[in-house]
$ cat structure.cif   # mmCIF, C-alpha atoms
data_entry
loop_
_atom_site.label_atom_id
_atom_site.label_comp_id
_atom_site.auth_asym_id
_atom_site.auth_seq_id
_atom_site.Cartn_x
_atom_site.Cartn_y
_atom_site.Cartn_z
CA MET B 1 0.00 0.00 0.00
CA ILE B 2 1.03 3.59 -0.58
CA PHE B 3 -0.67 6.48 1.20
CA TYR B 4 -0.54 9.88 -0.53
CA ASP B 5 -0.72 12.46 2.21
CA CYS B 6 -0.19 16.17 2.80
CA SER B 7 0.72 16.86 6.40
CA THR B 8 -0.83 20.36 6.46
CA ALA B 9 -4.29 19.57 4.98
CA PRO B 10 -7.42 18.46 6.85
CA SER B 11 -8.72 15.83 4.39
CA PRO B 12 -5.65 13.59 4.49
CA ARG B 13 -5.45 14.15 8.25
CA ARG B 14 -8.71 12.19 8.56
CA ALA B 15 -7.16 9.19 6.79
CA ARG B 16 -3.92 9.61 8.76
CA MET B 17 -5.82 9.46 12.06
CA PHE B 18 -7.80 6.44 10.84
CA ILE B 19 -4.58 4.60 9.94
CA ALA B 20 -3.03 5.53 13.30
CA GLU B 21 -6.11 4.28 15.19
CA LYS B 22 -5.87 0.99 13.29
CA GLY B 23 -2.27 0.69 14.46
CA ILE B 24 -0.96 -0.17 11.02
CA GLU B 25 2.13 1.01 9.17
CA VAL B 26 1.63 2.30 5.64
CA GLU B 27 4.28 3.64 3.27
CA THR B 28 3.54 7.35 2.94
CA GLN B 29 4.36 9.87 0.24
CA GLN B 30 3.88 13.59 0.83
CA VAL B 31 2.13 15.55 -1.92
CA ASP B 32 3.14 19.21 -1.76
CA LEU B 33 -0.22 20.95 -2.31
CA ARG B 34 1.29 24.44 -1.92
CA GLY B 35 3.82 23.57 -4.61
CA ASP B 36 0.95 22.36 -6.86
CA ALA B 37 2.25 18.76 -6.92
CA HIS B 38 -1.38 17.52 -6.95
CA ARG B 39 -1.97 19.17 -10.32
CA GLN B 40 1.06 17.70 -12.08
CA PRO B 41 0.76 14.84 -14.63
CA ASP B 42 2.50 12.34 -12.31
CA PHE B 43 -0.07 12.70 -9.58
CA LEU B 44 -3.04 13.08 -11.94
CA THR B 45 -2.22 9.62 -13.29
CA ILE B 46 -2.83 8.29 -9.77
CA ASN B 47 -5.87 10.49 -9.04
CA PRO B 48 -7.37 12.38 -12.01
CA HIS B 49 -9.35 14.54 -9.56
CA GLY B 50 -6.08 15.87 -8.14
CA THR B 51 -7.01 15.51 -4.47
CA VAL B 52 -5.45 13.90 -1.40
CA PRO B 53 -5.75 11.57 0.43
CA VAL B 54 -5.23 8.62 -1.91
CA LEU B 55 -4.54 5.07 -0.79
CA VAL B 56 -3.20 2.72 -3.44
CA THR B 57 -3.88 -0.85 -2.33
CA ASP B 58 -1.65 -3.86 -3.02
CA ASP B 59 -3.79 -4.82 -6.06
CA GLY B 60 -3.25 -1.33 -7.52
CA THR B 61 -6.69 0.13 -6.73
CA ALA B 62 -6.34 3.88 -6.12
CA LEU B 63 -8.90 4.88 -3.49
CA THR B 64 -9.38 8.63 -3.68
CA GLU B 65 -12.03 9.44 -1.07
CA ASN B 66 -11.77 9.34 2.72
CA ILE B 67 -14.84 7.15 3.08
CA ALA B 68 -13.40 4.66 0.58
CA ILE B 69 -10.03 4.50 2.32
CA ALA B 70 -11.79 3.96 5.65
CA GLY B 71 -14.13 1.28 4.25
CA PHE B 72 -11.22 -0.59 2.69
CA LEU B 73 -9.06 -0.47 5.84
CA GLU B 74 -11.98 -1.44 8.07
CA ALA B 75 -12.55 -4.59 5.98
CA ALA B 76 -8.84 -5.41 5.59
CA PHE B 77 -7.94 -4.74 9.25
CA PRO B 78 -11.11 -5.45 11.23
CA GLU B 79 -9.41 -5.88 14.63
CA THR B 80 -10.08 -2.38 15.97
CA PRO B 81 -13.51 -1.51 14.57
CA LEU B 82 -13.87 2.19 13.76
CA MET B 83 -17.06 1.95 11.69
CA GLY B 84 -19.41 0.17 14.10
CA VAL B 85 -20.15 -3.47 14.83
CA THR B 86 -23.95 -3.91 14.81
CA PRO B 87 -26.00 -2.80 11.79
CA GLU B 88 -27.40 0.16 13.77
CA GLU B 89 -23.90 1.24 14.86
CA LYS B 90 -22.61 0.98 11.30
CA GLY B 91 -25.53 3.16 10.18
CA ARG B 92 -24.93 5.74 12.90
CA VAL B 93 -21.18 5.98 12.13
CA LEU B 94 -21.86 6.58 8.43
CA MET B 95 -24.62 9.07 9.25
CA TRP B 96 -22.54 11.22 11.59
CA ASN B 97 -19.56 11.00 9.29
CA ALA B 98 -21.73 12.32 6.44
CA ILE B 99 -23.24 15.06 8.61
CA CYS B 100 -19.73 16.24 9.61
CA GLU B 101 -18.55 16.12 5.99
CA PHE B 102 -21.52 18.01 4.58
CA HIS B 103 -22.31 20.52 7.33
CA ALA B 104 -18.78 21.16 8.65
CA GLY B 105 -16.16 20.08 6.10
CA MET B 106 -17.97 21.51 3.13
CA ALA B 107 -18.95 24.67 5.00
CA ILE B 108 -15.34 25.37 5.99
CA ALA B 109 -14.14 24.66 2.44
CA GLU B 110 -16.75 27.07 1.05
CA ALA B 111 -15.78 29.78 3.53
CA LEU B 112 -12.04 29.37 2.98
CA ARG B 113 -11.81 28.72 -0.75
CA ASN B 114 -14.19 31.49 -1.77
CA SER B 115 -12.52 34.23 0.23
CA THR B 116 -8.75 33.65 0.47
CA PRO B 117 -6.78 35.66 -2.13
CA ALA B 118 -4.19 32.85 -2.41
CA LEU B 119 -6.96 30.46 -3.52
CA LYS B 120 -8.29 32.64 -6.36
CA GLY B 121 -9.53 30.30 -9.09
CA ARG B 122 -9.33 27.36 -6.67
CA ALA B 123 -12.85 27.49 -5.26
CA LEU B 124 -13.03 23.70 -5.35
CA PRO B 125 -10.19 21.35 -4.40
CA GLY B 126 -8.41 19.43 -7.10
CA ALA B 127 -7.27 19.82 -10.66
CA VAL B 128 -10.01 21.99 -12.19
CA ASN B 129 -10.15 25.77 -11.73
CA TYR B 130 -13.38 27.34 -10.49
CA GLU B 131 -13.80 31.03 -9.74
CA GLN B 132 -14.46 32.19 -6.20
CA ILE B 133 -18.06 33.06 -5.26
CA PRO B 134 -17.92 35.51 -2.30
CA ALA B 135 -21.57 34.82 -1.31
CA LEU B 136 -20.66 31.16 -0.86
CA ALA B 137 -17.94 32.11 1.63
CA GLU B 138 -20.54 33.94 3.73
CA ARG B 139 -22.94 31.02 3.51
CA GLY B 140 -20.21 28.65 4.66
CA ILE B 141 -19.80 30.58 7.93
CA LEU B 142 -23.58 30.48 8.53
CA ARG B 143 -23.73 26.74 7.90
CA LEU B 144 -20.78 26.11 10.19
CA GLY B 145 -22.53 27.97 13.02
CA ARG B 146 -25.53 25.66 12.63
CA PHE B 147 -23.26 22.63 12.59
CA PHE B 148 -21.87 23.59 16.00
CA ASP B 149 -25.47 23.64 17.33
CA THR B 150 -26.12 20.17 15.88
CA LEU B 151 -22.89 18.88 17.40
CA GLU B 152 -23.68 20.23 20.87
CA GLU B 153 -27.20 18.86 20.76
CA ARG B 154 -25.87 15.40 19.90
CA LEU B 155 -22.93 15.37 22.31
CA SER B 156 -25.03 16.51 25.24
CA LYS B 157 -26.81 13.14 24.89
CA SER B 158 -24.04 10.84 23.65
CA ALA B 159 -20.36 10.36 24.63
CA TYR B 160 -19.31 9.99 21.00
CA LEU B 161 -21.06 10.97 17.80
CA ALA B 162 -22.21 7.48 16.84
CA GLY B 163 -22.91 6.28 20.41
CA ASP B 164 -20.82 4.93 23.28
CA SER B 165 -17.70 4.13 21.24
CA PHE B 166 -15.14 6.25 19.44
CA SER B 167 -15.49 5.91 15.65
CA MET B 168 -14.55 7.34 12.29
CA ALA B 169 -17.34 9.91 12.73
CA ASP B 170 -15.45 11.39 15.69
CA ILE B 171 -12.28 11.63 13.61
CA THR B 172 -14.15 13.56 10.93
CA GLY B 173 -15.90 15.85 13.40
CA PHE B 174 -12.70 16.47 15.36
CA VAL B 175 -10.58 17.28 12.31
CA PHE B 176 -13.12 19.79 11.01
CA CYS B 177 -13.75 21.43 14.42
CA ASP B 178 -9.98 21.88 14.67
CA PHE B 179 -9.59 23.14 11.09
CA ALA B 180 -12.41 25.69 11.55
CA ARG B 181 -9.77 28.04 12.99
CA ILE B 182 -8.64 28.67 9.40
CA VAL B 183 -11.85 30.68 8.90
CA LYS B 184 -11.64 32.13 12.45
CA GLN B 185 -14.39 29.86 13.79
CA GLY B 186 -14.49 27.19 16.46
CA ILE B 187 -16.75 25.40 18.91
CA PRO B 188 -18.59 28.21 20.75
CA GLU B 189 -17.39 28.76 24.32
CA GLY B 190 -20.69 27.76 25.94
CA ASN B 191 -20.89 24.43 24.10
CA THR B 192 -19.48 22.46 26.99
CA ALA B 193 -20.36 18.97 25.75
CA SER B 194 -18.61 19.63 22.44
CA HIS B 195 -15.52 21.03 24.16
CA ALA B 196 -15.29 18.00 26.48
CA TRP B 197 -15.61 15.64 23.48
CA PHE B 198 -13.00 17.63 21.52
CA ASP B 199 -10.51 17.48 24.41
CA THR B 200 -11.04 13.73 24.81
CA ILE B 201 -10.24 13.13 21.16
CA LYS B 202 -7.33 15.56 21.15
CA ALA B 203 -5.77 13.45 23.92
CA ARG B 204 -5.72 10.34 21.72
CA PRO B 205 -2.26 9.60 20.27
CA SER B 206 -3.75 9.55 16.75
CA ALA B 207 -4.67 13.25 17.04
CA SER B 208 -1.01 14.22 16.93
CA PHE B 209 -0.50 12.52 13.59
CA MET L 210 -38.59 -0.22 10.34
CA ILE L 211 -40.26 2.82 8.82
CA PHE L 212 -38.95 4.39 5.62
CA TYR L 213 -39.73 8.07 5.08
CA ASP L 214 -39.83 8.59 1.35
CA CYS L 215 -40.93 11.15 -1.24
CA SER L 216 -41.74 9.48 -4.52
CA THR L 217 -40.79 12.50 -6.67
CA ALA L 218 -37.35 13.28 -5.21
CA PRO L 219 -33.97 11.84 -6.23
CA SER L 220 -32.37 11.37 -2.79
CA PRO L 221 -35.05 9.00 -1.42
CA ARG L 222 -35.12 7.25 -4.79
CA ARG L 223 -31.58 6.05 -4.09
CA ALA L 224 -32.71 4.41 -0.84
CA ARG L 225 -35.86 3.07 -2.53
CA MET L 226 -33.78 1.36 -5.22
CA PHE L 227 -31.39 -0.02 -2.61
CA ILE L 228 -34.33 -1.51 -0.63
CA ALA L 229 -35.83 -2.97 -3.82
CA GLU L 230 -32.48 -4.54 -4.81
CA LYS L 231 -32.26 -6.11 -1.35
CA GLY L 232 -35.69 -7.63 -1.95
CA ILE L 233 -37.04 -6.56 1.42
CA GLU L 234 -40.38 -5.04 2.37
CA VAL L 235 -40.29 -1.90 4.50
CA GLU L 236 -43.25 0.09 5.81
CA THR L 237 -43.14 3.38 3.92
CA GLN L 238 -44.51 6.82 4.71
CA GLN L 239 -44.61 9.52 2.06
CA VAL L 240 -43.36 12.97 3.08
CA ASP L 241 -44.95 15.66 0.90
CA LEU L 242 -41.95 17.91 0.17
CA ARG L 243 -43.99 20.23 -2.07
CA GLY L 244 -46.49 20.67 0.74
CA ASP L 245 -43.58 21.47 3.14
CA ALA L 246 -44.28 18.41 5.32
CA HIS L 247 -40.51 18.03 5.88
CA ARG L 248 -40.36 21.40 7.63
CA GLN L 249 -43.22 20.74 10.09
CA PRO L 250 -42.58 19.96 13.79
CA ASP L 251 -43.77 16.34 13.44
CA PHE L 252 -41.14 15.48 10.86
CA LEU L 253 -38.39 17.63 12.41
CA THR L 254 -38.71 15.50 15.56
CA ILE L 255 -37.70 12.52 13.41
CA ASN L 256 -35.03 14.35 11.40
CA PRO L 257 -34.02 17.82 12.66
CA HIS L 258 -32.31 18.47 9.31
CA GLY L 259 -35.68 18.17 7.54
CA THR L 260 -34.49 15.93 4.70
CA VAL L 261 -35.59 12.61 3.22
CA PRO L 262 -34.83 9.75 3.07
CA VAL L 263 -34.97 8.64 6.69
CA LEU L 264 -35.02 5.04 7.85
CA VAL L 265 -36.08 4.46 11.44
CA THR L 266 -34.76 1.08 12.54
CA ASP L 267 -36.49 -1.29 14.96
CA ASP L 268 -34.41 0.02 17.88
CA GLY L 269 -35.59 3.56 17.10
CA THR L 270 -32.40 4.84 15.43
CA ALA L 271 -33.31 7.45 12.79
CA LEU L 272 -30.82 7.15 9.93
CA THR L 273 -30.97 10.34 7.89
CA GLU L 274 -28.35 9.93 5.18
CA ASN L 275 -28.40 7.63 2.15
CA ILE L 276 -24.99 6.18 2.97
CA ALA L 277 -26.14 5.38 6.51
CA ILE L 278 -29.34 3.69 5.36
CA ALA L 279 -27.34 1.65 2.86
CA GLY L 280 -24.67 0.69 5.41
CA PHE L 281 -27.31 -0.40 7.92
CA LEU L 282 -29.29 -2.46 5.40
CA GLU L 283 -26.14 -4.06 3.98
CA ALA L 284 -25.18 -5.27 7.47
CA ALA L 285 -28.71 -6.31 8.45
CA PHE L 286 -29.50 -8.05 5.13
CA PRO L 287 -26.16 -9.22 3.74
CA GLU L 288 -27.60 -11.78 1.32
CA THR L 289 -27.44 -9.64 -1.82
CA PRO L 290 -24.27 -7.60 -1.38
CA LEU L 291 -24.57 -4.11 -2.86
CA MET L 292 -21.50 -2.57 -1.19
CA GLY L 293 -18.77 -5.00 -2.27
CA VAL L 294 -17.40 -8.22 -0.81
CA THR L 295 -13.59 -7.93 -0.73
CA PRO L 296 -11.91 -4.96 1.00
CA GLU L 297 -10.92 -3.53 -2.41
CA GLU L 298 -14.49 -3.83 -3.72
CA LYS L 299 -15.90 -2.20 -0.60
CA GLY L 300 -13.45 0.65 -1.09
CA ARG L 301 -14.33 1.07 -4.78
CA VAL L 302 -18.08 1.08 -4.09
CA LEU L 303 -17.71 3.80 -1.45
CA MET L 304 -15.35 5.77 -3.70
CA TRP L 305 -17.64 5.80 -6.74
CA ASN L 306 -20.66 6.47 -4.57
CA ALA L 307 -18.89 9.51 -3.12
CA ILE L 308 -17.76 10.71 -6.56
CA CYS L 309 -21.33 10.50 -7.86
CA GLU L 310 -22.69 12.31 -4.79
CA PHE L 311 -20.15 15.11 -4.88
CA HIS L 312 -19.63 15.67 -8.60
CA ALA L 313 -23.15 14.84 -9.87
CA GLY L 314 -25.69 15.00 -7.03
CA MET L 315 -24.30 18.16 -5.52
CA ALA L 316 -23.75 19.78 -8.92
CA ILE L 317 -27.38 19.18 -9.93
CA ALA L 318 -28.64 20.44 -6.56
CA GLU L 319 -26.53 23.60 -6.97
CA ALA L 320 -27.80 24.19 -10.50
CA LEU L 321 -31.45 23.57 -9.61
CA ARG L 322 -31.78 25.15 -6.19
CA ASN L 323 -29.92 28.35 -7.07
CA SER L 324 -31.93 29.12 -10.21
CA THR L 325 -35.53 27.89 -9.87
CA PRO L 326 -37.94 30.67 -8.78
CA ALA L 327 -40.03 28.16 -6.82
CA LEU L 328 -36.98 27.33 -4.68
CA LYS L 329 -36.17 30.92 -3.70
CA GLY L 330 -34.72 30.84 -0.18
CA ARG L 331 -34.28 27.08 -0.43
CA ALA L 332 -30.77 26.93 -1.87
CA LEU L 333 -29.97 23.97 0.38
CA PRO L 334 -32.32 21.08 1.11
CA GLY L 335 -33.90 20.81 4.53
CA ALA L 336 -35.29 22.96 7.27
CA VAL L 337 -33.04 26.04 7.11
CA ASN L 338 -33.50 28.83 4.55
CA TYR L 339 -30.51 29.90 2.46
CA GLU L 340 -30.66 32.50 -0.31
CA GLN L 341 -30.01 31.50 -3.90
CA ILE L 342 -26.55 32.25 -5.36
CA PRO L 343 -26.93 32.49 -9.17
CA ALA L 344 -23.18 31.96 -9.78
CA LEU L 345 -23.46 28.64 -7.98
CA ALA L 346 -26.15 27.50 -10.40
CA GLU L 347 -23.79 28.18 -13.32
CA ARG L 348 -20.95 26.38 -11.58
CA GLY L 349 -23.20 23.37 -11.02
CA ILE L 350 -23.74 22.96 -14.75
CA LEU L 351 -19.98 23.17 -15.39
CA ARG L 352 -19.24 20.56 -12.73
CA LEU L 353 -21.92 18.25 -14.08
CA GLY L 354 -20.35 18.38 -17.54
CA ARG L 355 -17.05 17.28 -16.06
CA PHE L 356 -18.77 14.49 -14.16
CA PHE L 357 -20.10 13.07 -17.43
CA ASP L 358 -16.51 12.94 -18.74
CA THR L 359 -15.38 11.10 -15.58
CA LEU L 360 -18.27 8.66 -15.91
CA GLU L 361 -17.54 7.88 -19.56
CA GLU L 362 -13.85 7.43 -18.87
CA ARG L 363 -14.62 4.92 -16.11
CA LEU L 364 -17.39 3.02 -17.90
CA SER L 365 -15.37 2.60 -21.06
CA LYS L 366 -13.07 0.41 -18.93
CA SER L 367 -15.48 -1.20 -16.46
CA ALA L 368 -18.97 -2.74 -16.78
CA TYR L 369 -20.13 -1.12 -13.55
CA LEU L 370 -18.75 1.80 -11.58
CA ALA L 371 -17.08 -0.27 -8.86
CA GLY L 372 -16.01 -3.17 -11.12
CA ASP L 373 -17.68 -6.25 -12.59
CA SER L 374 -20.72 -6.22 -10.29
CA PHE L 375 -23.70 -3.91 -9.90
CA SER L 376 -23.49 -1.94 -6.63
CA MET L 377 -24.85 0.98 -4.66
CA ALA L 378 -22.50 3.24 -6.64
CA ASP L 379 -24.44 2.42 -9.82
CA ILE L 380 -27.71 3.28 -8.09
CA THR L 381 -26.33 6.67 -7.10
CA GLY L 382 -24.85 7.37 -10.54
CA PHE L 383 -28.00 6.23 -12.33
CA VAL L 384 -30.38 8.28 -10.18
CA PHE L 385 -28.36 11.45 -10.71
CA CYS L 386 -27.85 10.90 -14.46
CA ASP L 387 -31.62 10.50 -14.74
CA PHE L 388 -32.39 13.50 -12.51
CA ALA L 389 -30.02 15.74 -14.51
CA ARG L 390 -32.94 16.35 -16.89
CA ILE L 391 -34.36 18.74 -14.25
CA VAL L 392 -31.54 21.17 -15.20
CA LYS L 393 -31.79 20.27 -18.92
CA GLN L 394 -28.65 18.12 -18.85
CA GLY L 395 -27.96 14.47 -19.47
CA ILE L 396 -25.31 12.00 -20.58
CA PRO L 397 -23.87 13.50 -23.79
CA GLU L 398 -24.95 11.68 -26.96
CA GLY L 399 -21.46 10.49 -27.88
CA ASN L 400 -20.80 8.92 -24.47
CA THR L 401 -21.72 5.44 -25.62
CA ALA L 402 -20.33 3.50 -22.65
CA SER L 403 -22.34 5.65 -20.24
CA HIS L 404 -25.52 5.25 -22.29
CA ALA L 405 -25.13 1.46 -22.42
CA TRP L 406 -24.59 1.36 -18.63
CA PHE L 407 -27.58 3.66 -18.04
CA ASP L 408 -29.85 1.47 -20.16
CA THR L 409 -28.69 -1.69 -18.37
CA ILE L 410 -29.57 -0.20 -15.00
CA LYS L 411 -32.83 1.29 -16.23
CA ALA L 412 -33.88 -2.28 -17.20
CA ARG L 413 -33.54 -3.51 -13.60
CA PRO L 414 -36.89 -3.84 -11.81
CA SER L 415 -35.60 -1.60 -8.99
CA ALA L 416 -35.29 1.34 -11.40
CA SER L 417 -39.07 1.59 -11.69
CA PHE L 418 -39.46 2.06 -7.93
#
$ encode --input "structure.cif" --output "structure tokens"
Amino acid sequence: MIFYDCSTAPSPRRARMFIAEKGIEVETQQVDLRGDAHRQPDFLTINPHGTVPVLVTDDGTALTENIAIAGFLEAAFPETPLMGVTPEEKGRVLMWNAICEFHAGMAIAEALRNSTPALKGRALPGAVNYEQIPALAERGILRLGRFFDTLEERLSKSAYLAGDSFSMADITGFVFCDFARIVKQGIPEGNTASHAWFDTIKARPSASF
Amino acid sequence: MIFYDCSTAPSPRRARMFIAEKGIEVETQQVDLRGDAHRQPDFLTINPHGTVPVLVTDDGTALTENIAIAGFLEAAFPETPLMGVTPEEKGRVLMWNAICEFHAGMAIAEALRNSTPALKGRALPGAVNYEQIPALAERGILRLGRFFDTLEERLSKSAYLAGDSFSMADITGFVFCDFARIVKQGIPEGNTASHAWFDTIKARPSASF
């Protein structure tokens, strides 16, 4: 296996944490996003969409989405389940993972990519140029605020997002709550359940990866 | 189990096809999106995000995302696998499902919801109002065009999106290719591999659900 990573970006950090939680060793190659390495022919041969993370499996399959990398690793290394055990748990992990992706990850990306001068023409990640849409940056901040409400509501009733056990959904939520600082946002001060959950996850060794 | 559906909308159609492919019977309740039933207190108690599909399992878990409903049903009714068998297959199914969601489903939603007068203030699905952003509608059409290229490139090398077998990824791709007509788009005429794949899936009994 080869894991294409970028140590400064939030999307590959999700996969990196997942790999660390599984306790496996994977050969890693850094892709220098700031140096535009993800838009060069070499990398586009591996992932035509020009995004990281990518995990190339031993049979040569290039898995280009976080959920795909997680699903593959969960099946190949089932010992430490991170995607639930019972059908209901599996459903809840995938649900909260999707909620964090859509309402937090996408909101932060909208806010960041449509406002930062350095990302002009890079309103979407990857190899294709899209112009910035300032109104989308504003909408991203609004959506992110509502996500923090959803998170607090859930975590005031449940230790982890998908229930009593730590899962992939917590990795996704944690990485995006942490990355929100890039658009000057974060878990609101009064959201005590969310802060407690965040600190618990931050203390896991995988969070330093 | 109770399945909250809306027979005219593409997102619940994905779950409906998945259930039909599994060959299971699920009690179904229609949610009248046009009549705003998804934004009324009764439904928001079930899904605070105000979206369909929702599958409420026998233990009372409300699964509100397509991927979560699929993951639950795959684990609970494993007989007809729709999400892959080997780790690599599982990864490829999740990858192509995510690509279809992000590059087709989201692109169509952007194009439709940011341009249709009847959807003013409803630029995102669900219970919260967001203003339309006309530039986002234009970007949606551009993204969708690129998705059709990606689809053709893949299907000219593979019978189904995730490999040799029909899977959830094909359901997602098919539903969005079909729904693209709502923004006057569709698989380009010359994309023969995509058309052949589309027709194969359209012939499955589940496609009429």
$ interface_residues --input "structure.cif" --of "chain L" --to "chain B" --cutoff "6 Å" --atoms "all atoms listed in the file" --output "list of chain:residue names"
L:Glu274, L:Ala277, L:Gly280, L:Phe281, L:Ala284, L:Ala285, L:Pro296, L:Glu297, L:Lys299, L:Gly300, L:Leu303, L:Met304
$ resolve_selection --input "structure.cif" --expression "the PyMOL selection byres ((chain B and resi 167) around 9)" --output "list in words"
Pro81, Leu82, Met83, Gly84, Val93, Tyr160, Leu161, Ala162, Gly163, Ser165, Phe166, Met168, Ala169, Asp170 and Ile171 of chain B
$ atom_distance --input "structure.cif" --atom1 "atom CA of Thr260 of chain L" --atom2 "atom CA of Ala389 of chain L"
19.7 Å
$ atom_distance --input "structure.cif" --atom1 "atom CA of Lys366 of chain L" --atom2 "atom CA of Ala313 of chain L"
19.8 Å
$ atom_distance --input "structure.cif" --atom1 "atom CA of Pro41 of chain B" --atom2 "atom CA of Phe209 of chain B"
28.3 Å
$ resolve_selection --input "structure.cif" --expression "the PyMOL selection byres ((chain B and resi 191) around 12)" --output "MDAnalysis selection string"
chainID B and resid 145 147:156 186:190 192:198
$ resolve_selection --input "structure.cif" --expression "the PyMOL selection byres ((chain B and resi 114) around 12)" --output "number ranges by chain"
B: 106-113, 115-125, 130-141, 183; L: 345
$ closest_residue --input "structure.cif" --among "B:His103, B:Asp42, B:Pro53, B:Phe174" --to "Ser11 of chain B" --atoms "all atoms listed in the file"
B:Pro53
$ residues_around --input "structure.cif" --residues "Thr8 of chain B" --least-positions-apart "4" --cutoff "12 Å" --atoms "all atoms listed in the file" --output "JSON, numbers by chain"
{"B": [12, 13, 14, 16, 30, 31, 32, 33, 34, 52, 53, 175, 179, 182, 209]}
$ write_last_selection --input "structure.cif" --atoms "C-alpha atoms" --output "CSV table (one decimal), keeping the file's coordinate frame"
chain,number,residue,atom,x,y,z
B,12,PRO,CA,-5.6,13.6,4.5
B,13,ARG,CA,-5.4,14.2,8.2
B,14,ARG,CA,-8.7,12.2,8.6
B,16,ARG,CA,-3.9,9.6,8.8
B,30,GLN,CA,3.9,13.6,0.8
B,31,VAL,CA,2.1,15.6,-1.9
B,32,ASP,CA,3.1,19.2,-1.8
B,33,LEU,CA,-0.2,21.0,-2.3
B,34,ARG,CA,1.3,24.4,-1.9
B,52,VAL,CA,-5.4,13.9,-1.4
B,53,PRO,CA,-5.8,11.6,0.4
B,175,VAL,CA,-10.6,17.3,12.3
B,179,PHE,CA,-9.6,23.1,11.1
B,182,ILE,CA,-8.6,28.7,9.4
B,209,PHE,CA,-0.5,12.5,13.6
$ closest_residue --input "structure.cif" --among "B:Tyr4, B:Thr28, B:Met17, B:Cys177" --to "Ile46 of chain B" --atoms "all atoms listed in the file"
B:Tyr4
$ build_atoms --input "structure.cif" --residues "segment 314-327 of chain L" --atoms "N, CA and C atoms" --output "PDB file, in the coordinates of the input"
ATOM      1  N   GLY L 314     -24.554  14.638  -7.889  1.00  0.00           N
ATOM      2  CA  GLY L 314     -25.690  15.000  -7.030  1.00  0.00           C
ATOM      3  C   GLY L 314     -25.606  16.439  -6.543  1.00  0.00           C
ATOM      4  N   MET L 315     -24.452  16.805  -6.036  1.00  0.00           N
ATOM      5  CA  MET L 315     -24.300  18.160  -5.520  1.00  0.00           C
ATOM      6  C   MET L 315     -24.342  19.201  -6.635  1.00  0.00           C
ATOM      7  N   ALA L 316     -23.752  18.852  -7.775  1.00  0.00           N
ATOM      8  CA  ALA L 316     -23.750  19.780  -8.920  1.00  0.00           C
ATOM      9  C   ALA L 316     -25.180  20.044  -9.397  1.00  0.00           C
ATOM     10  N   ILE L 317     -25.990  18.997  -9.489  1.00  0.00           N
ATOM     11  CA  ILE L 317     -27.380  19.180  -9.930  1.00  0.00           C
ATOM     12  C   ILE L 317     -28.150  20.007  -8.897  1.00  0.00           C
ATOM     13  N   ALA L 318     -27.946  19.691  -7.622  1.00  0.00           N
ATOM     14  CA  ALA L 318     -28.640  20.440  -6.560  1.00  0.00           C
ATOM     15  C   ALA L 318     -28.260  21.923  -6.628  1.00  0.00           C
ATOM     16  N   GLU L 319     -26.969  22.201  -6.857  1.00  0.00           N
ATOM     17  CA  GLU L 319     -26.530  23.600  -6.970  1.00  0.00           C
ATOM     18  C   GLU L 319     -27.204  24.291  -8.148  1.00  0.00           C
ATOM     19  N   ALA L 320     -27.222  23.593  -9.277  1.00  0.00           N
ATOM     20  CA  ALA L 320     -27.800  24.190 -10.500  1.00  0.00           C
ATOM     21  C   ALA L 320     -29.297  24.434 -10.320  1.00  0.00           C
ATOM     22  N   LEU L 321     -29.991  23.470  -9.754  1.00  0.00           N
ATOM     23  CA  LEU L 321     -31.450  23.570  -9.610  1.00  0.00           C
ATOM     24  C   LEU L 321     -31.850  24.574  -8.537  1.00  0.00           C
ATOM     25  N   ARG L 322     -31.298  24.396  -7.344  1.00  0.00           N
ATOM     26  CA  ARG L 322     -31.780  25.150  -6.190  1.00  0.00           C
ATOM     27  C   ARG L 322     -31.388  26.624  -6.222  1.00  0.00           C
ATOM     28  N   ASN L 323     -30.348  26.956  -7.003  1.00  0.00           N
ATOM     29  CA  ASN L 323     -29.920  28.350  -7.070  1.00  0.00           C
ATOM     30  C   ASN L 323     -30.472  29.100  -8.278  1.00  0.00           C
ATOM     31  N   SER L 324     -31.394  28.445  -9.021  1.00  0.00           N
ATOM     32  CA  SER L 324     -31.930  29.120 -10.210  1.00  0.00           C
ATOM     33  C   SER L 324     -33.452  29.069 -10.279  1.00  0.00           C
ATOM     34  N   THR L 325     -34.084  28.072  -9.717  1.00  0.00           N
ATOM     35  CA  THR L 325     -35.530  27.890  -9.870  1.00  0.00           C
ATOM     36  C   THR L 325     -36.300  28.881  -8.986  1.00  0.00           C
ATOM     37  N   PRO L 326     -37.179  29.704  -9.586  1.00  0.00           N
ATOM     38  CA  PRO L 326     -37.940  30.670  -8.780  1.00  0.00           C
ATOM     39  C   PRO L 326     -38.701  30.013  -7.631  1.00  0.00           C
ATOM     40  N   ALA L 327     -39.247  28.818  -7.862  1.00  0.00           N
ATOM     41  CA  ALA L 327     -40.030  28.160  -6.820  1.00  0.00           C
ATOM     42  C   ALA L 327     -39.179  27.750  -5.618  1.00  0.00           C
TER      43      ALA L 327
END
